[in-house]
Amino acid sequence: MSVAIVGAAESTEIGTVALSSVGLAADAARRALADCGLTPADVDGVASSGLNPYLPTIVAHSLGIEARWVDATMVGGCSNLVHLGHAAAAIERGDCDVVLIAHGESGRSHLGAPNWRPAADSWQGQFELPYGTVGPMTLLTLGALRFLRDRGLDARALAQLVVAQRDWAARNPRALRRDPVTVDDVLDAPVVAHPFTRPMCCVTTDAGGAVIVTSAARAADLPRPPVYVLGTGEAAGAAMASQMPDLTSSDAFRRAGAAAFAVAGVGPDDIDHAMLYDATAQLPLMALEDLGFVPHGESGAFVEAGNTAVGGALPMNTNGGGLNYTHSGMYGIYALLESIRQLRGEAAAQVDDVSTSLAHAIGGMFQAAATVVLAAEPR
Amino acid sequence: MPARPVPVATPETAHYWEGTAHGELRLQRCRSCASTYFPPQPFCPSCSGGDVEIVRASGRGTLHGYVITHRAAPGFEAPYVIAVVELDEGPRLLTNLVGVAPDPEAIALDLPVEVLYEPVGEIVLPMFRPRTT
């Protein structure tokens with residue numbers, strides 16, 4: 001691929017913010033443009049998605065962008081990574097030159113952010129919702145006990161992951177949960193949905209994020225260090241969490257990851273830094289296995305040995321993750337932004353010598369996934 | 001307080017909900033490839049064949065996965081068990097596990113379970129309990 005991310009920014013504030021969802025997206029978009037010295041007049045493609053299917057047009061109108069390429073693909077939290085793959089292809093094909101991918105979500109304050117609920121006559125409305133499901137914490141988690149049991153693990157493996165990520169969050173002043181915790185603290189915290197206690201479930205925040213994508217050739221003339229897109233992959237999974245072919249492994253994770261590695265021409269061993277979407281604490285364990293960072297069944301031991309922690313071989317979720325840093329509902333853009341910061345060398349908890357980074361996100365309740373491989377140098 | 005969510009049938013799923021109202025768990029089976037499947041639709045998700053029949057499931061299965069939620073959905077009282085049951089016929093269903101304390105010590109994966117039927121509004125929901133027979 002010959003495409004690079006040239007501008008990147010989060011919303012000015014994250015946490016509890018007095019802006020609507022669209023306002024958060026626009027704030028992040030303006031900051032991302034300022035980051036790379038471009039203006040809305042330079043942008044000719046817009047991607048954005050949420051509950052409103054017309055979001056790209058709203059973002060474009062708000063910023064005065066005349067878009068000749070739009071993408072409103074909405075497959076949950078991985079959507080912005082899907083947009084990146086689509087944008088890279090469109091830029092390579094010449095459909096557009098400069099793409100803005102913008103996301104904003106008033107996930108905590110619910111300003112201009114309707115609650116999503118499946119229709120009563122949809123599959124989820126008929127076959128899941130009537131049983132009292134309470135959002136992701138009761139759907140993403142359905143296979144977790146089996147995942148743990150099959151690997152000879154228990155809830156301590158979830159707690160160990162939280163502890164490792166909290167240590168990253170402690171180094172990040174913008175993180176919501178920053179206090180150090182022990183495994184016992186995590187296990188003894190209030191139960192949300194057994195076996196998940198509160199620290200094993202993500203924070204809920206208002207936040208926005210945006211990136212500017214263009215050709216590698218044009219990136220060379222812009223002020224910030226380009227972050228090169230080596231490969232992207234996306235995949236659709238089962239339409240309902242309860243209908244996954246295997247509750248302990250995501251086929252969408254496996255296919256998105258394999259596709260991204262194939263396009264990039266690299267493998268898991270070539271990745272210096274990883275952002276693995278963590279709405280709940282077992283998701284990064286699944287992704288470590290499904291993307292091939294560790295063999296089947298070894299994710300728990302890998303995390304317990306400190307490999308993903310500060311000083312580890314595979315620094316992971318170094319912003320603190322959705323568990324600690326921020327999570328507005330669709331987390332993918334924030335994972336991507338931390339990958340970019342690490343490759344630029346400007347992260348709050350900067351890791352030494354990051355030359356490649358992988359960001360991986362889930363969409364909905366395992367309904368989709370997307371993976372991107374990024375690098376500081378072109379290939 | 002918002003009401004408990006109640007399913008609304010579509011033409012493709014009507015037989016399923018008519019079945020539960022009659023104390024039957026109705027799945028579909030493809031006559032071409034012999035796949036038994038769920039959720040309901042008028043063609044086979046494995047081979048796309050349209051020659052399918054409605055079959056009555058045994059109502060027996062095993063507990064494939066679960067969580068015990070301590071946060072209640074509208075119309076529910078926490079804690080309660082949200083479960084995935086694997087039916088003897090193959091398909092899995094999301095359901096509630098009832099007839100047992102919502103206590104992890106009392107609920108083992110692969111527990112044998114059997115269906116029971118709970119009216120909710122105009123609809124009858126299939127739920128599961130530890131098998132007694």
# chains A, B, ... in the order shown; residues from 1 in each chain; ligands from 1
>>> closest_atom_pairs(of="chain A", to="chain B", cutoff="12 Å", atoms="only C-alpha atoms", output="tab-separated table")
residue	atom	partner	partner_atom	distance
A:Arg117	CA	B:Pro5	CA	10.2
A:Pro118	CA	B:Pro5	CA	10.1
A:Ala119	CA	B:Val8	CA	8.7
A:Ala120	CA	B:Pro7	CA	5.1
A:Asp121	CA	B:Val8	CA	4.6
A:Ser122	CA	B:Val8	CA	8.1
A:Trp123	CA	B:Pro39	CA	7.5
A:Gln124	CA	B:Pro7	CA	9.0
A:Gly125	CA	B:Pro7	CA	5.8
A:Gln126	CA	B:Pro7	CA	4.3
A:Phe127	CA	B:Leu94	CA	6.7
A:Glu128	CA	B:Leu94	CA	5.9
A:Leu129	CA	B:Pro5	CA	6.5
A:Pro130	CA	B:Pro5	CA	5.1
A:Tyr131	CA	B:Thr95	CA	5.8
A:Gly132	CA	B:Ala73	CA	5.0
A:Thr133	CA	B:Ala73	CA	6.4
A:Val134	CA	B:Ala73	CA	5.6
A:Gly135	CA	B:Ala73	CA	9.0
A:Pro136	CA	B:Thr69	CA	11.3
A:Met137	CA	B:Thr69	CA	8.4
A:Thr138	CA	B:Val67	CA	6.5
A:Leu139	CA	B:Val67	CA	8.6
A:Leu140	CA	B:Val67	CA	10.1
A:Thr141	CA	B:Val67	CA	7.0
A:Leu142	CA	B:Tyr66	CA	5.2
A:Gly143	CA	B:Gly65	CA	5.4
A:Ala144	CA	B:Gly65	CA	7.7
A:Leu145	CA	B:Gly65	CA	6.7
A:Arg146	CA	B:Gly65	CA	6.3
A:Phe147	CA	B:Gly65	CA	9.3
A:Leu148	CA	B:Gly65	CA	11.1
A:Arg149	CA	B:Leu109	CA	9.0
A:Asp150	CA	B:Leu109	CA	10.7
A:Pro190	CA	B:His70	CA	9.0
A:Val191	CA	B:His70	CA	6.5
A:Val192	CA	B:His70	CA	5.3
A:Ala193	CA	B:Thr69	CA	4.0
A:His194	CA	B:Ile68	CA	4.9
A:Pro195	CA	B:Val67	CA	6.9
A:Phe196	CA	B:Val67	CA	8.5
A:Thr197	CA	B:His70	CA	9.8
A:Arg198	CA	B:His70	CA	10.7
A:Ala238	CA	B:Pro39	CA	11.5
A:Ala239	CA	B:Pro39	CA	10.2
A:Met240	CA	B:Leu94	CA	9.5
A:Ala241	CA	B:Leu94	CA	8.9
A:Ser242	CA	B:Leu94	CA	5.7
A:Gln243	CA	B:Arg92	CA	6.6
A:Met244	CA	B:Arg92	CA	9.1
A:Pro245	CA	B:Arg92	CA	9.3
A:Asp246	CA	B:His64	CA	10.3
A:Leu247	CA	B:Gly65	CA	8.0
A:Thr248	CA	B:Gly65	CA	9.7
>>> atom_distance(atom1="atom CA of Ala169 of chain A", atom2="atom CA of Glu338 of chain A")
12.3 Å
>>> residues_around(residues="Ala368 of chain A", least_positions_apart="3", cutoff="10 Å", atoms="only C-alpha atoms", output="list in words")
Met74, Val75, Gly76, Gly77, Cys78, Ser79, Val82, Glu234, Ala235, Ala236, Gly237, Ala238, Ala239, Ser250, Asp251, Ala252, Phe253, Ala256, Ala361, Ile362, Gly363, Gly364 and Met365 of chain A
>>> write_last_selection(atoms="N, CA and C atoms", output="mmCIF file, in the first residue's frame")
data_model
loop_
_atom_site.group_PDB
_atom_site.id
_atom_site.type_symbol
_atom_site.label_atom_id
_atom_site.label_comp_id
_atom_site.auth_asym_id
_atom_site.auth_seq_id
_atom_site.Cartn_x
_atom_site.Cartn_y
_atom_site.Cartn_z
ATOM 1 N N MET A 74 -21.126 1.085 8.766
ATOM 2 C CA MET A 74 -21.337 0.996 10.209
ATOM 3 C C MET A 74 -21.400 -0.463 10.629
ATOM 4 N N VAL A 75 -20.294 -0.937 11.170
ATOM 5 C CA VAL A 75 -20.248 -2.289 11.727
ATOM 6 C C VAL A 75 -19.664 -2.212 13.143
ATOM 7 N N GLY A 76 -20.188 -1.250 13.919
ATOM 8 C CA GLY A 76 -19.788 -1.141 15.312
ATOM 9 C C GLY A 76 -18.390 -0.575 15.490
ATOM 10 N N GLY A 77 -17.749 -0.971 16.584
ATOM 11 C CA GLY A 77 -16.522 -0.338 17.038
ATOM 12 C C GLY A 77 -15.332 -0.458 16.118
ATOM 13 N N CYS A 78 -15.376 -1.361 15.152
ATOM 14 C CA CYS A 78 -14.265 -1.479 14.199
ATOM 15 C C CYS A 78 -14.486 -0.612 12.967
ATOM 16 N N SER A 79 -15.591 0.137 12.917
ATOM 17 C CA SER A 79 -15.951 0.835 11.678
ATOM 18 C C SER A 79 -14.855 1.772 11.185
ATOM 19 N N VAL A 82 -12.274 -0.091 9.417
ATOM 20 C CA VAL A 82 -12.810 -0.476 8.104
ATOM 21 C C VAL A 82 -12.715 0.715 7.149
ATOM 22 N N GLU A 234 -10.696 -6.710 6.922
ATOM 23 C CA GLU A 234 -11.984 -6.623 7.595
ATOM 24 C C GLU A 234 -12.722 -7.926 7.393
ATOM 25 N N ALA A 235 -13.672 -8.203 8.287
ATOM 26 C CA ALA A 235 -14.435 -9.445 8.168
ATOM 27 C C ALA A 235 -15.764 -9.311 8.889
ATOM 28 N N ALA A 236 -16.771 -9.965 8.359
ATOM 29 C CA ALA A 236 -18.068 -10.079 9.029
ATOM 30 C C ALA A 236 -18.108 -11.390 9.793
ATOM 31 N N GLY A 237 -18.671 -11.346 10.982
ATOM 32 C CA GLY A 237 -18.830 -12.557 11.798
ATOM 33 C C GLY A 237 -20.298 -12.926 11.910
ATOM 34 N N ALA A 238 -20.630 -13.722 12.909
ATOM 35 C CA ALA A 238 -22.021 -14.126 13.110
ATOM 36 C C ALA A 238 -22.879 -12.907 13.437
ATOM 37 N N ALA A 239 -24.143 -12.955 13.050
ATOM 38 C CA ALA A 239 -25.033 -11.808 13.231
ATOM 39 C C ALA A 239 -25.454 -11.606 14.684
ATOM 40 N N SER A 250 -13.014 -15.938 17.675
ATOM 41 C CA SER A 250 -13.797 -15.194 16.691
ATOM 42 C C SER A 250 -13.269 -15.453 15.293
ATOM 43 N N ASP A 251 -14.134 -16.004 14.442
ATOM 44 C CA ASP A 251 -13.702 -16.218 13.054
ATOM 45 C C ASP A 251 -13.465 -14.873 12.369
ATOM 46 N N ALA A 252 -14.210 -13.848 12.772
ATOM 47 C CA ALA A 252 -13.986 -12.512 12.185
ATOM 48 C C ALA A 252 -12.615 -11.967 12.573
ATOM 49 N N PHE A 253 -12.210 -12.186 13.830
ATOM 50 C CA PHE A 253 -10.865 -11.777 14.248
ATOM 51 C C PHE A 253 -9.823 -12.469 13.371
ATOM 52 N N ALA A 256 -9.933 -11.180 9.624
ATOM 53 C CA ALA A 256 -9.473 -9.788 9.478
ATOM 54 C C ALA A 256 -7.968 -9.708 9.703
ATOM 55 N N ALA A 361 -9.786 -4.246 15.995
ATOM 56 C CA ALA A 361 -11.037 -3.874 16.660
ATOM 57 C C ALA A 361 -12.146 -4.860 16.339
ATOM 58 N N ILE A 362 -13.024 -5.002 17.303
ATOM 59 C CA ILE A 362 -14.240 -5.792 17.150
ATOM 60 C C ILE A 362 -15.361 -4.845 16.733
ATOM 61 N N GLY A 363 -16.349 -5.367 16.024
ATOM 62 C CA GLY A 363 -17.539 -4.589 15.701
ATOM 63 C C GLY A 363 -18.768 -5.265 16.262
ATOM 64 N N GLY A 364 -19.581 -4.500 16.979
ATOM 65 C CA GLY A 364 -20.776 -5.084 17.585
ATOM 66 C C GLY A 364 -20.395 -6.209 18.525
ATOM 67 N N MET A 365 -21.252 -7.217 18.582
ATOM 68 C CA MET A 365 -21.041 -8.343 19.482
ATOM 69 C C MET A 365 -20.386 -9.483 18.701
#
>>> residues_around(residues="Ala34 of chain B", least_positions_apart="4", cutoff="12 Å", atoms="only C-alpha atoms", output="ChimeraX atom specification")
/B:28-30,44-47,49,51-53,55,89-90
>>> closest_residue(among="B:Glu12, B:Pro112, B:Phe128, B:Thr20", to="Thr62 of chain B", atoms="only C-alpha atoms")
B:Pro112
>>> atom_distance(atom1="atom CA of Glu346 of chain A", atom2="atom CA of Asn307 of chain A")
21.8 Å
>>> residues_around(residues="Thr57 of chain A", least_positions_apart="3", cutoff="10 Å", atoms="only C-alpha atoms", output="PyMOL selection string")
chain A and resi 46-48+53-54+60-63+65-67+70-72
>>> write_last_selection(atoms="C-alpha atoms", output="short mmCIF file (atom, residue, chain, number, x, y, z; two decimals), in the first residue's frame")
data_model
loop_
_atom_site.label_atom_id
_atom_site.label_comp_id
_atom_site.auth_asym_id
_atom_site.auth_seq_id
_atom_site.Cartn_x
_atom_site.Cartn_y
_atom_site.Cartn_z
CA VAL A 46 -15.19 11.81 4.37
CA ALA A 47 -15.86 8.67 6.39
CA SER A 48 -17.88 8.62 9.59
CA PRO A 53 -26.50 6.77 8.54
CA TYR A 54 -25.93 10.27 7.10
CA ALA A 60 -18.73 17.36 5.65
CA HIS A 61 -21.38 20.07 5.90
CA SER A 62 -20.22 21.11 9.36
CA LEU A 63 -16.63 21.56 8.18
CA ILE A 65 -15.92 19.93 2.91
CA GLU A 66 -16.96 19.18 -0.67
CA ALA A 67 -16.71 15.41 -0.62
CA VAL A 70 -18.12 9.09 1.31
CA ASP A 71 -18.14 6.03 3.53
CA ALA A 72 -20.73 5.48 6.24
#
>>> select_by_dssp(residues="segment 116-273 of chain A", states="alpha helix (DSSP H)", output="ChimeraX atom specification")
/A:123-127,136-139,144-150,155-170,183-188,216-219,251-264
>>> write_last_selection(atoms="C-alpha atoms", output="PDB file, in the first residue's frame")
ATOM      1  CA  TRP A 123     -33.167 -11.327  15.131  1.00  0.00           C
ATOM      2  CA  GLN A 124     -31.601  -9.774  18.236  1.00  0.00           C
ATOM      3  CA  GLY A 125     -34.948  -8.305  19.281  1.00  0.00           C
ATOM      4  CA  GLN A 126     -36.619 -11.701  19.044  1.00  0.00           C
ATOM      5  CA  PHE A 127     -33.915 -14.087  20.162  1.00  0.00           C
ATOM      6  CA  PRO A 136     -22.011  -5.711  25.619  1.00  0.00           C
ATOM      7  CA  MET A 137     -21.256  -6.807  29.177  1.00  0.00           C
ATOM      8  CA  THR A 138     -23.739  -9.671  28.817  1.00  0.00           C
ATOM      9  CA  LEU A 139     -23.165 -10.504  25.140  1.00  0.00           C
ATOM     10  CA  ALA A 144     -15.702 -16.196  28.445  1.00  0.00           C
ATOM     11  CA  LEU A 145     -16.184 -18.936  31.054  1.00  0.00           C
ATOM     12  CA  ARG A 146     -15.732 -21.569  28.345  1.00  0.00           C
ATOM     13  CA  PHE A 147     -12.716 -19.722  26.924  1.00  0.00           C
ATOM     14  CA  LEU A 148     -11.085 -19.733  30.356  1.00  0.00           C
ATOM     15  CA  ARG A 149     -12.006 -23.307  31.211  1.00  0.00           C
ATOM     16  CA  ASP A 150     -10.768 -24.684  27.890  1.00  0.00           C
ATOM     17  CA  ALA A 155     -10.950 -15.185  36.275  1.00  0.00           C
ATOM     18  CA  ARG A 156      -7.436 -14.420  37.507  1.00  0.00           C
ATOM     19  CA  ALA A 157      -6.349 -14.291  33.864  1.00  0.00           C
ATOM     20  CA  LEU A 158      -8.836 -11.477  33.273  1.00  0.00           C
ATOM     21  CA  ALA A 159      -7.600  -9.679  36.380  1.00  0.00           C
ATOM     22  CA  GLN A 160      -3.965 -10.021  35.345  1.00  0.00           C
ATOM     23  CA  LEU A 161      -4.757  -8.335  32.051  1.00  0.00           C
ATOM     24  CA  VAL A 162      -6.451  -5.467  33.891  1.00  0.00           C
ATOM     25  CA  VAL A 163      -3.441  -5.038  36.175  1.00  0.00           C
ATOM     26  CA  ALA A 164      -1.042  -4.875  33.214  1.00  0.00           C
ATOM     27  CA  GLN A 165      -3.157  -2.313  31.409  1.00  0.00           C
ATOM     28  CA  ARG A 166      -3.741  -0.229  34.533  1.00  0.00           C
ATOM     29  CA  ASP A 167       0.028   0.141  34.787  1.00  0.00           C
ATOM     30  CA  TRP A 168       0.024   1.672  31.295  1.00  0.00           C
ATOM     31  CA  ALA A 169      -2.902   3.912  32.250  1.00  0.00           C
ATOM     32  CA  ALA A 170      -1.033   5.169  35.316  1.00  0.00           C
ATOM     33  CA  VAL A 183      -5.221  -9.004  40.954  1.00  0.00           C
ATOM     34  CA  ASP A 184      -7.176  -9.383  44.183  1.00  0.00           C
ATOM     35  CA  ASP A 185      -8.522  -5.822  43.921  1.00  0.00           C
ATOM     36  CA  VAL A 186      -9.879  -6.655  40.480  1.00  0.00           C
ATOM     37  CA  LEU A 187     -11.328 -10.014  41.530  1.00  0.00           C
ATOM     38  CA  ASP A 188     -12.950  -8.521  44.643  1.00  0.00           C
ATOM     39  CA  ALA A 216       2.468   8.432   0.607  1.00  0.00           C
ATOM     40  CA  ALA A 217       3.724  10.818  -2.077  1.00  0.00           C
ATOM     41  CA  ARG A 218       1.693  13.706  -0.743  1.00  0.00           C
ATOM     42  CA  ALA A 219       2.531  12.747   2.842  1.00  0.00           C
ATOM     43  CA  ASP A 251     -13.702 -16.218  13.054  1.00  0.00           C
ATOM     44  CA  ALA A 252     -13.986 -12.512  12.185  1.00  0.00           C
ATOM     45  CA  PHE A 253     -10.865 -11.777  14.248  1.00  0.00           C
ATOM     46  CA  ARG A 254      -8.980 -14.571  12.497  1.00  0.00           C
ATOM     47  CA  ARG A 255      -9.981 -13.549   8.988  1.00  0.00           C
ATOM     48  CA  ALA A 256      -9.473  -9.788   9.478  1.00  0.00           C
ATOM     49  CA  GLY A 257      -6.074 -10.368  11.041  1.00  0.00           C
ATOM     50  CA  ALA A 258      -4.915 -12.815   8.386  1.00  0.00           C
ATOM     51  CA  ALA A 259      -6.032 -10.436   5.628  1.00  0.00           C
ATOM     52  CA  ALA A 260      -4.172  -7.475   7.142  1.00  0.00           C
ATOM     53  CA  PHE A 261      -0.965  -9.480   7.601  1.00  0.00           C
ATOM     54  CA  ALA A 262      -1.218 -10.841   4.053  1.00  0.00           C
ATOM     55  CA  VAL A 263      -1.574  -7.371   2.517  1.00  0.00           C
ATOM     56  CA  ALA A 264       1.186  -5.977   4.735  1.00  0.00           C
TER      57      ALA A 264
END
>>> closest_residue(among="B:Ala3, B:Val115, B:Ile54, B:Val124", to="Leu27 of chain B", atoms="only C-alpha atoms")
B:Ile54
>>> select_by_dssp(residues="segment 5-254 of chain A", states="strand (DSSP E or B)", output="ChimeraX atom specification")
/A:5-10,15,45-47,69-71,75,77,99-106,191-194,196-197,201,206-215,227-236
>>> write_last_selection(atoms="C-alpha atoms", output="JSON list (two decimals), in the first residue's frame")
[["chain", "number", "residue", "atom", "x", "y", "z"],
["A", 5, "ILE", "CA", -1.94, 8.79, 7.88],
["A", 6, "VAL", "CA", -0.71, 12.38, 7.99],
["A", 7, "GLY", "CA", -2.94, 13.97, 10.60],
["A", 8, "ALA", "CA", -4.36, 12.56, 13.80],
["A", 9, "ALA", "CA", -6.08, 13.89, 16.88],
["A", 10, "GLU", "CA", -8.49, 13.13, 19.65],
["A", 15, "GLY", "CA", -14.34, 11.94, 29.68],
["A", 45, "GLY", "CA", -13.35, 12.28, 1.07],
["A", 46, "VAL", "CA", -15.19, 11.81, 4.37],
["A", 47, "ALA", "CA", -15.86, 8.67, 6.39],
["A", 69, "TRP", "CA", -16.12, 10.11, -1.77],
["A", 70, "VAL", "CA", -18.12, 9.09, 1.31],
["A", 71, "ASP", "CA", -18.14, 6.03, 3.53],
["A", 75, "VAL", "CA", -20.25, -2.29, 11.73],
["A", 77, "GLY", "CA", -16.52, -0.34, 17.04],
["A", 99, "VAL", "CA", -9.79, 11.49, 3.35],
["A", 100, "LEU", "CA", -11.02, 12.58, 6.76],
["A", 101, "ILE", "CA", -12.13, 9.75, 9.04],
["A", 102, "ALA", "CA", -13.94, 11.32, 11.97],
["A", 103, "HIS", "CA", -15.68, 9.84, 14.95],
["A", 104, "GLY", "CA", -17.47, 11.41, 17.89],
["A", 105, "GLU", "CA", -19.63, 9.87, 20.54],
["A", 106, "SER", "CA", -21.27, 11.29, 23.61],
["A", 191, "VAL", "CA", -19.61, -8.05, 39.81],
["A", 192, "VAL", "CA", -21.10, -6.70, 36.59],
["A", 193, "ALA", "CA", -21.77, -10.02, 34.89],
["A", 194, "HIS", "CA", -20.03, -13.02, 36.40],
["A", 196, "PHE", "CA", -16.61, -10.00, 34.97],
["A", 197, "THR", "CA", -16.10, -7.47, 37.72],
["A", 201, "CYS", "CA", -15.37, -3.91, 31.84],
["A", 206, "ASP", "CA", -17.52, 11.09, 25.76],
["A", 207, "ALA", "CA", -14.78, 11.29, 23.16],
["A", 208, "GLY", "CA", -13.92, 11.88, 19.55],
["A", 209, "GLY", "CA", -11.07, 11.05, 17.23],
["A", 210, "ALA", "CA", -10.05, 11.75, 13.65],
["A", 211, "VAL", "CA", -7.33, 10.92, 11.15],
["A", 212, "ILE", "CA", -6.37, 12.40, 7.78],
["A", 213, "VAL", "CA", -5.29, 9.90, 5.13],
["A", 214, "THR", "CA", -3.58, 10.61, 1.81],
["A", 215, "SER", "CA", -1.05, 9.15, -0.61],
["A", 227, "VAL", "CA", 2.36, 6.75, 9.51],
["A", 228, "TYR", "CA", 2.27, 4.29, 6.63],
["A", 229, "VAL", "CA", -0.63, 1.90, 6.16],
["A", 230, "LEU", "CA", 0.98, -1.44, 5.37],
["A", 231, "GLY", "CA", -2.14, -3.54, 5.36],
["A", 232, "THR", "CA", -5.78, -3.65, 6.35],
["A", 233, "GLY", "CA", -8.31, -6.44, 6.73],
["A", 234, "GLU", "CA", -11.98, -6.62, 7.60],
["A", 235, "ALA", "CA", -14.44, -9.45, 8.17],
["A", 236, "ALA", "CA", -18.07, -10.08, 9.03]]
>>> closest_residue(among="A:Ala41, A:Met1, A:Ala28, A:Leu374", to="Arg93 of chain A", atoms="only C-alpha atoms")
A:Met1
>>> atom_distance(atom1="atom CA of Pro173 of chain A", atom2="atom CA of Gly321 of chain A")
13.2 Å
